[in-house]
file input_13.cif (mmCIF, C-alpha atoms; chains and numbers go by the auth columns)
data_structure
#
loop_
_atom_site.group_PDB
_atom_site.id
_atom_site.type_symbol
_atom_site.label_atom_id
_atom_site.label_comp_id
_atom_site.label_asym_id
_atom_site.label_seq_id
_atom_site.Cartn_x
_atom_site.Cartn_y
_atom_site.Cartn_z
_atom_site.B_iso_or_equiv
_atom_site.auth_seq_id
_atom_site.auth_asym_id
ATOM 1 C CA MET A 1 -16.937 53.884 38.699 0.00 1 L
ATOM 2 C CA ILE A 2 -17.484 52.993 35.046 0.00 2 L
ATOM 3 C CA THR A 3 -15.260 50.122 33.933 0.00 3 L
ATOM 4 C CA GLY A 4 -14.119 49.262 30.417 0.00 4 L
ATOM 5 C CA ASP A 5 -16.319 46.182 30.194 0.00 5 L
ATOM 6 C CA GLN A 6 -19.429 48.332 30.789 0.00 6 L
ATOM 7 C CA ILE A 7 -18.916 50.520 27.712 0.00 7 L
ATOM 8 C CA THR A 8 -18.650 50.125 23.965 0.00 8 L
ATOM 9 C CA THR A 9 -17.123 52.507 21.429 0.00 9 L
ATOM 10 C CA ILE A 10 -19.488 54.087 18.909 0.00 10 L
ATOM 11 C CA GLY A 11 -17.384 56.917 17.508 0.00 11 L
ATOM 12 C CA LYS A 12 -14.718 59.545 17.951 0.00 12 L
ATOM 13 C CA PHE A 13 -14.616 63.272 18.578 0.00 13 L
ATOM 14 C CA ASN A 14 -13.190 65.355 15.750 0.00 14 L
ATOM 15 C CA LYS A 15 -12.682 69.078 16.414 0.00 15 L
ATOM 16 C CA PRO A 16 -14.469 71.984 18.051 0.00 16 L
ATOM 17 C CA HIS A 17 -17.158 73.599 15.919 0.00 17 L
ATOM 18 C CA GLY A 18 -17.459 77.305 16.616 0.00 18 L
ATOM 19 C CA ILE A 19 -16.609 79.105 19.834 0.00 19 L
ATOM 20 C CA ASN A 20 -19.457 78.027 22.137 0.00 20 L
ATOM 21 C CA GLY A 21 -18.273 74.514 22.992 0.00 21 L
ATOM 22 C CA GLU A 22 -19.980 72.562 20.224 0.00 22 L
ATOM 23 C CA ILE A 23 -17.837 69.707 18.896 0.00 23 L
ATOM 24 C CA SER A 24 -17.903 67.615 15.734 0.00 24 L
ATOM 25 C CA ALA A 25 -17.914 63.831 16.055 0.00 25 L
ATOM 26 C CA THR A 26 -17.918 60.827 13.759 0.00 26 L
ATOM 27 C CA ILE A 27 -20.277 58.072 14.891 0.00 27 L
ATOM 28 C CA GLN A 28 -20.788 54.513 13.660 0.00 28 L
ATOM 29 C CA VAL A 29 -24.413 54.223 14.754 0.00 29 L
ATOM 30 C CA PRO A 30 -27.645 55.912 13.706 0.00 30 L
ATOM 31 C CA LEU A 31 -28.264 59.249 15.455 0.00 31 L
ATOM 32 C CA GLU A 32 -31.372 57.728 17.104 0.00 32 L
ATOM 33 C CA VAL A 33 -29.162 55.271 19.005 0.00 33 L
ATOM 34 C CA LEU A 34 -26.992 58.076 20.361 0.00 34 L
ATOM 35 C CA GLU A 35 -30.115 60.044 21.303 0.00 35 L
ATOM 36 C CA GLY A 36 -31.394 57.076 23.313 0.00 36 L
ATOM 37 C CA CYS A 37 -28.313 56.855 25.542 0.00 37 L
ATOM 38 C CA SER A 38 -28.340 58.647 28.895 0.00 38 L
ATOM 39 C CA CYS A 39 -24.710 59.751 28.515 0.00 39 L
ATOM 40 C CA ILE A 40 -21.537 59.296 26.547 0.00 40 L
ATOM 41 C CA VAL A 41 -18.336 58.154 28.236 0.00 41 L
ATOM 42 C CA CYS A 42 -14.781 59.281 27.481 0.00 42 L
ATOM 43 C CA ASP A 43 -11.451 58.263 28.928 0.00 43 L
ATOM 44 C CA ILE A 44 -9.992 61.320 30.631 0.00 44 L
ATOM 45 C CA ASP A 45 -6.570 60.638 32.165 0.00 45 L
ATOM 46 C CA GLY A 46 -7.368 56.929 32.560 0.00 46 L
ATOM 47 C CA ILE A 47 -10.801 57.439 34.121 0.00 47 L
ATOM 48 C CA ASN A 48 -14.050 56.764 32.258 0.00 48 L
ATOM 49 C CA VAL A 49 -15.983 60.017 32.673 0.00 49 L
ATOM 50 C CA PRO A 50 -19.676 60.388 31.755 0.00 50 L
ATOM 51 C CA PHE A 51 -20.725 63.431 29.745 0.00 51 L
ATOM 52 C CA PHE A 52 -24.320 64.457 29.191 0.00 52 L
ATOM 53 C CA VAL A 53 -25.297 65.584 25.713 0.00 53 L
ATOM 54 C CA LYS A 54 -27.434 68.699 25.796 0.00 54 L
ATOM 55 C CA GLN A 55 -28.031 68.946 22.060 0.00 55 L
ATOM 56 C CA MET A 56 -27.098 67.028 18.927 0.00 56 L
ATOM 57 C CA ARG A 57 -27.640 67.636 15.262 0.00 57 L
ATOM 58 C CA SER A 58 -26.677 65.741 12.178 0.00 58 L
ATOM 59 C CA LYS A 59 -24.095 67.302 9.876 0.00 59 L
ATOM 60 C CA SER A 60 -23.758 64.342 7.460 0.00 60 L
ATOM 61 C CA HIS A 61 -24.425 60.605 7.405 0.00 61 L
ATOM 62 C CA GLU A 62 -21.620 59.889 9.904 0.00 62 L
ATOM 63 C CA THR A 63 -20.896 63.293 11.407 0.00 63 L
ATOM 64 C CA VAL A 64 -22.839 64.972 14.203 0.00 64 L
ATOM 65 C CA LEU A 65 -22.412 68.203 16.119 0.00 65 L
ATOM 66 C CA LEU A 66 -22.712 67.792 19.881 0.00 66 L
ATOM 67 C CA THR A 67 -23.267 70.295 22.660 0.00 67 L
ATOM 68 C CA ILE A 68 -22.272 68.812 26.008 0.00 68 L
ATOM 69 C CA ASP A 69 -23.324 70.047 29.457 0.00 69 L
ATOM 70 C CA ASP A 70 -20.708 72.293 31.093 0.00 70 L
ATOM 71 C CA ILE A 71 -18.570 72.590 27.931 0.00 71 L
ATOM 72 C CA THR A 72 -19.083 76.166 26.832 0.00 72 L
ATOM 73 C CA SER A 73 -15.928 77.207 25.002 0.00 73 L
ATOM 74 C CA GLU A 74 -13.748 76.117 22.124 0.00 74 L
ATOM 75 C CA GLN A 75 -10.889 75.446 24.578 0.00 75 L
ATOM 76 C CA GLU A 76 -13.033 73.149 26.740 0.00 76 L
ATOM 77 C CA ALA A 77 -14.264 71.275 23.653 0.00 77 L
ATOM 78 C CA ALA A 78 -10.667 70.869 22.475 0.00 78 L
ATOM 79 C CA MET A 79 -9.920 68.572 25.432 0.00 79 L
ATOM 80 C CA LEU A 80 -12.135 65.935 23.756 0.00 80 L
ATOM 81 C CA VAL A 81 -10.497 66.052 20.305 0.00 81 L
ATOM 82 C CA ASN A 82 -9.579 62.535 19.062 0.00 82 L
ATOM 83 C CA LYS A 83 -11.105 60.859 22.132 0.00 83 L
ATOM 84 C CA GLU A 84 -13.292 57.805 21.612 0.00 84 L
ATOM 85 C CA ILE A 85 -17.018 58.176 22.249 0.00 85 L
ATOM 86 C CA ASN A 86 -18.370 55.301 24.321 0.00 86 L
ATOM 87 C CA VAL A 87 -21.842 54.453 25.600 0.00 87 L
ATOM 88 C CA MET A 88 -23.049 52.056 28.258 0.00 88 L
ATOM 89 C CA CYS A 89 -23.342 48.488 26.871 0.00 89 L
ATOM 90 C CA ASP A 90 -26.645 47.773 28.597 0.00 90 L
ATOM 91 C CA GLU A 91 -28.309 50.860 27.102 0.00 91 L
ATOM 92 C CA TYR A 92 -26.754 50.233 23.720 0.00 92 L
ATOM 93 C CA SER A 93 -27.884 46.617 23.493 0.00 93 L
ATOM 94 C CA LYS A 94 -31.477 47.619 24.312 0.00 94 L
ATOM 95 C CA LEU A 95 -31.445 50.303 21.621 0.00 95 L
ATOM 96 C CA VAL A 96 -29.983 47.997 19.006 0.00 96 L
ATOM 97 C CA ALA A 97 -32.118 44.882 19.267 0.00 97 L
ATOM 98 C CA ASP A 98 -30.938 43.462 15.936 0.00 98 L
ATOM 99 C CA GLU A 99 -27.379 42.092 16.199 0.00 99 L
ATOM 100 C CA ASP A 100 -26.892 42.828 12.490 0.00 100 L
ATOM 101 C CA GLU A 101 -26.675 46.529 13.365 0.00 101 L
ATOM 102 C CA LEU A 102 -24.012 46.161 16.063 0.00 102 L
ATOM 103 C CA PRO A 103 -20.514 47.276 15.099 0.00 103 L
ATOM 104 C CA VAL A 104 -18.130 44.326 15.118 0.00 104 L
ATOM 105 C CA ASP A 105 -15.938 45.847 17.852 0.00 105 L
ATOM 106 C CA PHE A 106 -18.946 45.650 20.198 0.00 106 L
ATOM 107 C CA PHE A 107 -18.040 41.972 20.639 0.00 107 L
ATOM 108 C CA ILE A 108 -14.545 42.584 22.036 0.00 108 L
ATOM 109 C CA GLY A 109 -14.456 40.994 25.472 0.00 109 L
ATOM 110 C CA PHE A 110 -17.154 38.430 24.661 0.00 110 L
ATOM 111 C CA ASP A 111 -16.519 34.799 25.545 0.00 111 L
ATOM 112 C CA ALA A 112 -16.199 32.713 22.401 0.00 112 L
ATOM 113 C CA VAL A 113 -17.289 29.079 22.228 0.00 113 L
ATOM 114 C CA ILE A 114 -15.958 27.570 19.022 0.00 114 L
ATOM 115 C CA ASN A 115 -17.475 24.370 17.638 0.00 115 L
ATOM 116 C CA GLY A 116 -19.060 23.602 20.991 0.00 116 L
ATOM 117 C CA ASN A 117 -15.904 22.815 22.926 0.00 117 L
ATOM 118 C CA ARG A 118 -13.054 25.256 22.365 0.00 118 L
ATOM 119 C CA ARG A 119 -13.219 28.344 24.551 0.00 119 L
ATOM 120 C CA GLY A 120 -11.604 31.733 24.378 0.00 120 L
ATOM 121 C CA THR A 121 -12.184 35.459 24.501 0.00 121 L
ATOM 122 C CA ILE A 122 -12.595 37.854 21.588 0.00 122 L
ATOM 123 C CA ALA A 123 -9.604 40.053 22.347 0.00 123 L
ATOM 124 C CA ASP A 124 -9.568 42.315 19.313 0.00 124 L
ATOM 125 C CA ILE A 125 -10.792 42.933 15.788 0.00 125 L
ATOM 126 C CA ASP A 126 -8.423 42.852 12.824 0.00 126 L
ATOM 127 C CA ASP A 127 -9.836 45.103 10.116 0.00 127 L
ATOM 128 C CA SER A 128 -6.560 45.696 8.291 0.00 128 L
ATOM 129 C CA THR A 129 -7.794 43.698 5.279 0.00 129 L
ATOM 130 C CA ALA A 130 -11.077 43.468 3.388 0.00 130 L
ATOM 131 C CA ASN A 131 -12.035 40.481 5.575 0.00 131 L
ATOM 132 C CA VAL A 132 -12.712 41.575 9.148 0.00 132 L
ATOM 133 C CA LEU A 133 -11.477 39.010 11.673 0.00 133 L
ATOM 134 C CA PHE A 134 -12.188 38.221 15.320 0.00 134 L
ATOM 135 C CA VAL A 135 -8.879 37.847 17.186 0.00 135 L
ATOM 136 C CA VAL A 136 -9.637 35.142 19.758 0.00 136 L
ATOM 137 C CA ASP A 137 -7.321 34.384 22.676 0.00 137 L
ATOM 138 C CA MET A 138 -7.948 30.724 23.445 0.00 138 L
ATOM 139 C CA GLU A 139 -7.804 29.206 26.938 0.00 139 L
ATOM 140 C CA SER A 140 -4.995 26.967 25.619 0.00 140 L
ATOM 141 C CA GLY A 141 -2.835 30.060 25.098 0.00 141 L
ATOM 142 C CA GLU A 142 -2.999 30.092 21.318 0.00 142 L
ATOM 143 C CA GLN A 143 -4.549 32.885 19.294 0.00 143 L
ATOM 144 C CA VAL A 144 -6.908 32.182 16.389 0.00 144 L
ATOM 145 C CA LEU A 145 -8.288 34.452 13.705 0.00 145 L
ATOM 146 C CA ILE A 146 -11.900 33.852 12.710 0.00 146 L
ATOM 147 C CA PRO A 147 -13.684 35.700 9.922 0.00 147 L
ATOM 148 C CA ALA A 148 -16.373 37.938 11.459 0.00 148 L
ATOM 149 C CA VAL A 149 -19.097 36.673 9.158 0.00 149 L
ATOM 150 C CA GLU A 150 -22.695 35.831 9.933 0.00 150 L
ATOM 151 C CA ASP A 151 -22.290 32.297 8.510 0.00 151 L
ATOM 152 C CA PHE A 152 -19.984 31.314 11.401 0.00 152 L
ATOM 153 C CA ILE A 153 -22.059 32.867 14.205 0.00 153 L
ATOM 154 C CA GLU A 154 -24.567 30.416 15.667 0.00 154 L
ATOM 155 C CA ASP A 155 -25.760 32.377 18.684 0.00 155 L
ATOM 156 C CA ILE A 156 -25.081 35.634 20.508 0.00 156 L
ATOM 157 C CA ASP A 157 -25.985 36.262 24.137 0.00 157 L
ATOM 158 C CA ILE A 158 -25.517 40.016 24.553 0.00 158 L
ATOM 159 C CA ASP A 159 -26.414 40.093 28.252 0.00 159 L
ATOM 160 C CA GLY A 160 -24.102 37.160 29.004 0.00 160 L
ATOM 161 C CA LYS A 161 -21.381 38.515 26.670 0.00 161 L
ATOM 162 C CA ARG A 162 -21.045 35.167 24.893 0.00 162 L
ATOM 163 C CA MET A 163 -20.845 34.170 21.237 0.00 163 L
ATOM 164 C CA GLU A 164 -21.139 30.654 19.876 0.00 164 L
ATOM 165 C CA LEU A 165 -19.311 30.048 16.615 0.00 165 L
ATOM 166 C CA ASP A 166 -19.327 27.137 14.164 0.00 166 L
ATOM 167 C CA VAL A 167 -16.071 27.418 12.239 0.00 167 L
ATOM 168 C CA PRO A 168 -14.676 24.950 9.668 0.00 168 L
ATOM 169 C CA GLN A 169 -11.608 23.174 11.058 0.00 169 L
ATOM 170 C CA GLU A 170 -9.578 24.227 8.017 0.00 170 L
ATOM 171 C CA ILE A 171 -9.874 27.875 9.088 0.00 171 L
ATOM 172 C CA LEU A 172 -8.805 27.073 12.641 0.00 172 L
ATOM 173 C CA ASP A 173 -5.760 25.197 11.314 0.00 173 L
ATOM 174 C CA LEU A 174 -4.438 28.208 9.372 0.00 174 L
#
call {"tool": "encode", "arguments": {"input": "input_13.cif", "output": "structure tokens"}}
result
Amino acid sequence: MITGDQITTIGKFNKPHGINGEISATIQVPLEVLEGCSCIVCDIDGINVPFFVKQMRSKSHETVLLTIDDITSEQEAAMLVNKEINVMCDEYSKLVADEDELPVDFFIGFDAVINGNRRGTIADIDDSTANVLFVVDMESGEQVLIPAVEDFIEDIDIDGKRMELDVPQEILDL
């Protein structure tokens, strides 16, 4: 069974394209990354289900058209409309070796070590403003917001799902 901590979101299905089961999708990664993944994973009635992409073609910079095994009609493709497109974290991290290319929501679920001693978990991303923030649930029970900027990130261990941050105390006191 595929669990939520084994996958990361890279896009979302839009709408069926034509009558033969092809579906439009918006992705946040280069097409080459999607091509390198063995499958995509979608939540269907609370279960993470793998789907195997038979064919993909670029429609624009962010939009692709996907043909998925065993989806052969517009009605079957419609069941995926507005569903998130996920891929396996282990495959994704190998395909994207440079952390600068990872979408910020990839780090949800990572352990956060702040200034060497405070520990928490990156629970969410707040992108409601121009400054994207990590929402960190601390072991102490408090929640802190940390700007998701490269200057504060000291180290990232993708395999260990851990991020070390060096954050000015003034930001933590806000």
call {"tool": "residues_near_point", "arguments": {"input": "input_13.cif", "point": "(-13.5, 54.7, 34.4)", "cutoff": "7 Å", "atoms": "all atoms listed in the file", "output": "PyMOL selection string"}}
result
chain L and resi 1-4+43+46-49
call {"tool": "resolve_selection", "arguments": {"input": "input_13.cif", "expression": "the PyMOL selection byres ((chain L and resi 21-35) around 7)", "output": "PyMOL selection string"}}
result
chain L and resi 10-20+36-37+62-67+71-74+76-77+95
call {"tool": "resolve_selection", "arguments": {"input": "input_13.cif", "expression": "the PyMOL selection byres ((chain L and resi 153) around 8)", "output": "PyMOL selection string"}}
result
chain L and resi 149-152+154-156+163-166
call {"tool": "resolve_selection", "arguments": {"input": "input_13.cif", "expression": "the PyMOL selection byres ((chain L and resi 91) around 12)", "output": "ChimeraX atom specification"}}
result
/L:6-8,33-40,86-90,92-97,158-159
call {"tool": "atom_distance", "arguments": {"input": "input_13.cif", "atom1": "atom CA of Phe107 of chain L", "atom2": "atom CA of Val144 of chain L"}}
result
15.4 Å
call {"tool": "atom_distance", "arguments": {"input": "input_13.cif", "atom1": "atom CA of Leu133 of chain L", "atom2": "atom CA of Arg119 of chain L"}}
result
16.8 Å
call {"tool": "closest_residue", "arguments": {"input": "input_13.cif", "among": "L:Cys42, L:Val167, L:Thr9, L:Gln75", "to": "Gly116 of chain L", "atoms": "all atoms listed in the file"}}
result
L:Val167
call {"tool": "atom_distance", "arguments": {"input": "input_13.cif", "atom1": "atom CA of Glu142 of chain L", "atom2": "atom CA of Asn115 of chain L"}}
result
16.0 Å
call {"tool": "closest_residue", "arguments": {"input": "input_13.cif", "among": "L:Val136, L:Leu172, L:Leu80, L:Ile108", "to": "Asp5 of chain L", "atoms": "all atoms listed in the file"}}
result
L:Ile108
call {"tool": "closest_residue", "arguments": {"input": "input_13.cif", "among": "L:Val135, L:Val41, L:Ile85, L:Val53", "to": "Gly109 of chain L", "atoms": "only C-alpha atoms"}}
result
L:Val135
